[in-house]
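J.: Once you've had a glance at the structure underneath, I'll fire off some questions.
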Amino acid sequence: MRTRSLALVVVGIALAATTHGCTAELDVLGPAEGQAGAVACGGGPGCGVEDACNGAGDPCAAPDDCCSGSCVEDGARSLVCESMALCTTSAGSECALQAGEPCDNDAACCTGACVPANDGVSRCAYLGGCHLECELCVHDGDCCSQHCAADASGVRRCTAAPVLDCRPAGELCDSGADCCAGTSCGKVSPPEEPRRCHQSAVLADGSPCALPGDCAGGHCVPDDEGTLLCESGCRAEGRSCTSRADCCQMLTHDCLPVGGIPTCVDLFE
């Protein structure tokens with residue numbers, strides 16, 4: 001178990017990290033219990049922030065331990081997380097930082113968002129829905145482009161769809177002219193997101209999706225096979241997610257990489 005701590009602040013509340021192990025799923029209390037969206041712990045360990053990825057220079061045992069997806073031997077023959085090389089998107093922008101890594105501005109993050117933390121450091125955060133070009137991925141379905149491929153270092157990242165000359169739903173955009181037919185360019189839920197290509201139709205639960213803002217239920221999350229589908233229910237601790245807003249307890253949980261998979265984790269003891 002790693003000892004690195006990632007303390008974050010949410011709505012002005014400082015949250016300290018604790019050590020947990022991840023479970024596959026926890027129950028969620030529904031409206032009938034009078035606590036809609038609250039996690040019913042049910043005993044057993046949860047999924048804590050110290051299970052999440054480590055930054056550059058931190059110790060690691062495998063690539064999935066690192067936010068960058070790269071674990072290498074340093075000069076002292078110890079394994080440490082390595083920073084990623086710059087990645088260039090089809091729009092010509094460059095980024096290297098992944099979810100969980102310290103950042104100075106949104107543009108530095110391949111995820112598109114740099115969020116303040118309570119230790120004076122801001123960190124890259126997931127936007128929600130599909131992953132943008134240059135973000136880490138596992139399957140094609142993780143990416144807005146539907147194309148996940150290994151880069152020169154062997155790390156799998158979302159790349160532009162080879163047959164498209166437009167940006168598919170979910171990708172960042174400057175204007176509607178950037179987006180593929182059937183989508184438009186604009187800020188979608190939550191309002192602070194950057195401009196992304198999105199569908200005009202509202203999608204019902206169970207529909208394939210790229211963005212949470214396109215879904216009537218407000219969540220665009222992976223099913224058991226990793227396909228992104230619209231869903232009304234929030235995600236319990238230890239379950240996969242695409243943004244903090246997917247997690248049932250947003251004041252105490254965040255969506256961070258665990259073993260290379262975006263997962264709802266507990267931020268405090």
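Starting from 1 in every chain, residues are counted up; chains themselves are A, B, ... following the order of the structure tokens, and ligands are numbered from 1 as listed.
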Run DSSP on the backbone and give me the residues of range 162-228 of chain A it puts in helix (DSSP H, G or I), as a list in words.

T.: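 Those in range 162-228 of chain A that DSSP calls helix (DSSP H, G or I) are Gly176, Ala177, Asp178, Pro212, Gly213 and Asp214 of chain A.
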
J.: List as a list of chain:residue names the protein and nucleic acid residues near Asp266 in chain A, meaning an atom at most 7 Å away when only C-alpha atoms are counted, but skip any in the same chain fewer than 3 places from it.

T.: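 Residues near the query, excluding close chain neighbours: A:Cys47, A:Gly48, A:Val49, A:Glu237, A:Thr252, A:His253, A:Asp254.
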
J.: Report, in Å with one decimal, the straight-line distance from CA of Gly186 in chain A to CA of Cys144 in chain A.

T.: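 About the pair CA of Gly186 in chain A and CA of Cys144 in chain A: they are 15.7 Å apart.
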
J.: Contacts of Ala96 in chain A at 9 Å or less, counting only C-alpha atoms, minus same-chain residues fewer than 3 places along, as a list in words?

T.: Ser68, Ser83, Met84, Ala85, Leu86, Cys87, Thr88, Ala108, Cys109, Cys110, Cys134 and Glu135 of chain A

J.: For a quick check of understanding, using only C-alpha atoms, which of A:Cys114, A:Leu211, A:Asp58, A:Cys66 has the smallest distance to Leu132 in chain A?

T.: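 Result for the nearest residue to Leu132 in chain A: A:Leu211.
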
J.: What lies within 6 Å of range 154-161 of chain A using only C-alpha atoms, ignoring chain neighbours under 2 positions off, as a ChimeraX atom specification?

T.: /A:133-137,143,145,147-152,163-164
